[in-house]
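K.L.:
Right, I'll just put the structure down here and ask away after.
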Amino acid sequence: MRQGSPPNYRLSILVVDDDAMVRTVLVEYLVSFGFKNILQAKNVPQAIKYLQDPKVLIDIILSDWEMPGAKGLELLKVVRKSVHRKNTPFIMITSQESIERFKITQAAQWRVTEYMVKPFTSDLLRMRIWKVMNWIDEIEDEAI
């Protein structure tokens, strides 16, 4: 994969995870990729506030599945039902302990763009982002 800044480092990314440490790691990865506009939400209601504000630019969403209260699937549903946000690329992140096959089926019904299982490497995250943003030609090794 090509090193350095992504093809469009000005994109705005929303990171949603109840675990502050996971959010920090995701943000550190994103910054290392060259992204600068990163919003963080610790739960679905906070993320929805960002989504409902038409002044807030969100080009891609990275969301945990398992969070107290509303889950990542509920956030995905809100995004897909939104007139203005329905086509926003959405990467769902979940842990291995969960019922993955069932989750993947549910997320696919709501047009999740990509799906990742924890733990994951920065390279895997970068490949997923490049894939959903159609920057696939930026990846030298196309074995995703």
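Residues are named by chain letter and number: chains run A, B, ... in the order of the structure tokens, numbers start at 1 in each chain, and ligands are numbered from 1 in the order shown.
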Which residues are close to range 44-49 of chain A, i.e. within 12 Å by only C-alpha atoms, leaving aside same-chain residues fewer than 6 positions away? Reply as a JSON list (two decimals) with N, CA and C atoms, in the first residue's frame.
P.N.:
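Saved result, selection.json, follows:
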[["chain", "number", "residue", "atom", "x", "y", "z"],
["A", 13, "ILE", "N", -14.18, 12.22, 9.19],
["A", 13, "ILE", "CA", -14.49, 10.86, 9.64],
["A", 13, "ILE", "C", -15.11, 10.93, 11.03],
["A", 14, "LEU", "N", -16.21, 10.20, 11.20],
["A", 14, "LEU", "CA", -16.86, 10.08, 12.51],
["A", 14, "LEU", "C", -16.51, 8.72, 13.09],
["A", 15, "VAL", "N", -15.89, 8.73, 14.28],
["A", 15, "VAL", "CA", -15.53, 7.51, 14.99],
["A", 15, "VAL", "C", -16.48, 7.37, 16.17],
["A", 16, "VAL", "N", -17.19, 6.23, 16.25],
["A", 16, "VAL", "CA", -18.18, 6.00, 17.31],
["A", 16, "VAL", "C", -17.81, 4.73, 18.06],
["A", 17, "ASP", "N", -17.46, 4.88, 19.33],
["A", 17, "ASP", "CA", -17.14, 3.73, 20.17],
["A", 17, "ASP", "C", -17.25, 4.16, 21.63],
["A", 18, "ASP", "N", -17.85, 3.32, 22.46],
["A", 18, "ASP", "CA", -18.01, 3.65, 23.88],
["A", 18, "ASP", "C", -16.70, 3.50, 24.65],
["A", 55, "LYS", "N", -24.66, 21.19, 9.14],
["A", 55, "LYS", "CA", -23.39, 21.91, 8.99],
["A", 55, "LYS", "C", -22.18, 21.00, 9.21],
["A", 56, "VAL", "N", -22.42, 19.83, 9.81],
["A", 56, "VAL", "CA", -21.32, 18.91, 10.12],
["A", 56, "VAL", "C", -21.09, 18.00, 8.91],
["A", 58, "ILE", "N", -19.63, 14.82, 7.24],
["A", 58, "ILE", "CA", -19.21, 13.46, 7.60],
["A", 58, "ILE", "C", -19.11, 12.67, 6.30],
["A", 61, "ILE", "N", -18.07, 6.82, 8.27],
["A", 61, "ILE", "CA", -18.36, 6.51, 9.67],
["A", 61, "ILE", "C", -17.70, 5.19, 10.03],
["A", 62, "LEU", "N", -16.99, 5.17, 11.16],
["A", 62, "LEU", "CA", -16.43, 3.95, 11.75],
["A", 62, "LEU", "C", -17.16, 3.76, 13.07],
["A", 63, "SER", "N", -17.91, 2.68, 13.21],
["A", 63, "SER", "CA", -18.71, 2.50, 14.41],
["A", 63, "SER", "C", -18.55, 1.11, 15.00],
["A", 64, "ASP", "N", -18.44, 1.08, 16.33],
["A", 64, "ASP", "CA", -18.47, -0.17, 17.06],
["A", 64, "ASP", "C", -19.89, -0.73, 16.99],
["A", 65, "TRP", "N", -20.03, -2.03, 17.06],
["A", 65, "TRP", "CA", -21.35, -2.65, 17.08],
["A", 65, "TRP", "C", -21.91, -2.65, 18.50],
["A", 66, "GLU", "N", -21.11, -3.18, 19.43],
["A", 66, "GLU", "CA", -21.58, -3.36, 20.81],
["A", 66, "GLU", "C", -21.29, -2.12, 21.64],
["A", 67, "MET", "N", -22.35, -1.41, 22.01],
["A", 67, "MET", "CA", -22.24, -0.26, 22.91],
["A", 67, "MET", "C", -23.43, -0.30, 23.85],
["A", 68, "PRO", "N", -23.26, 0.22, 25.07],
["A", 68, "PRO", "CA", -24.41, 0.28, 25.98],
["A", 68, "PRO", "C", -25.53, 1.11, 25.36],
["A", 69, "GLY", "N", -26.75, 0.69, 25.59],
["A", 69, "GLY", "CA", -27.89, 1.42, 24.99],
["A", 69, "GLY", "C", -28.01, 1.07, 23.53],
["A", 70, "ALA", "N", -28.12, 2.07, 22.70],
["A", 70, "ALA", "CA", -28.26, 1.86, 21.25],
["A", 70, "ALA", "C", -26.97, 1.27, 20.69],
["A", 71, "LYS", "N", -27.12, 0.32, 19.81],
["A", 71, "LYS", "CA", -25.98, -0.38, 19.20],
["A", 71, "LYS", "C", -25.60, 0.27, 17.87],
["A", 72, "GLY", "N", -24.48, -0.19, 17.33],
["A", 72, "GLY", "CA", -24.02, 0.30, 16.04],
["A", 72, "GLY", "C", -25.03, 0.05, 14.93],
["A", 73, "LEU", "N", -25.80, -1.03, 15.03],
["A", 73, "LEU", "CA", -26.80, -1.32, 14.01],
["A", 73, "LEU", "C", -27.88, -0.23, 14.00],
["A", 74, "GLU", "N", -28.26, 0.27, 15.17],
["A", 74, "GLU", "CA", -29.25, 1.35, 15.22],
["A", 74, "GLU", "C", -28.70, 2.61, 14.55],
["A", 75, "LEU", "N", -27.41, 2.88, 14.75],
["A", 75, "LEU", "CA", -26.78, 4.02, 14.09],
["A", 75, "LEU", "C", -26.78, 3.83, 12.58],
["A", 76, "LEU", "N", -26.45, 2.64, 12.13],
["A", 76, "LEU", "CA", -26.47, 2.34, 10.70],
["A", 76, "LEU", "C", -27.87, 2.57, 10.12],
["A", 77, "LYS", "N", -28.89, 2.15, 10.83],
["A", 77, "LYS", "CA", -30.28, 2.35, 10.37],
["A", 77, "LYS", "C", -30.60, 3.84, 10.25],
["A", 78, "VAL", "N", -30.19, 4.63, 11.23],
["A", 78, "VAL", "CA", -30.42, 6.08, 11.19],
["A", 78, "VAL", "C", -29.74, 6.67, 9.96],
["A", 79, "VAL", "N", -28.51, 6.26, 9.71],
["A", 79, "VAL", "CA", -27.76, 6.79, 8.57],
["A", 79, "VAL", "C", -28.46, 6.41, 7.26],
["A", 82, "SER", "N", -31.60, 8.38, 6.50],
["A", 82, "SER", "CA", -31.41, 9.82, 6.35],
["A", 82, "SER", "C", -31.33, 10.22, 4.88],
["A", 85, "ARG", "N", -27.66, 11.59, 4.46],
["A", 85, "ARG", "CA", -26.51, 10.77, 4.88],
["A", 85, "ARG", "C", -26.59, 9.33, 4.40]]
K.L.:
In Å, rounded to a single decimal, give me how far CA of Met21 in chain A is from CA of Leu57 in chain A.
P.N.:
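For CA of Leu57 in chain A relative to CA of Met21 in chain A, the distance reads 24.4 Å.
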K.L.:
When distances are computed from only C-alpha atoms, which of A:Asn134, A:Thr113, A:Thr88, A:Gln40 shows the smallest separation from Asp19 in chain A?
P.N.:
A:Gln40
K.L.:
Apply DSSP to the backbone of this structure and, from range 2-32 of chain A, keep only the residues in alpha helix (DSSP H); write these as a PyMOL selection string.
P.N.:
chain A and resi 20-32
K.L.:
Counting only C-alpha atoms, which of A:Tyr29, A:Pro89, A:Arg10, A:Ala20 gets nearest to Val112 in chain A?
P.N.:
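Distance minimum relative to Val112 in chain A lands on A:Pro89.
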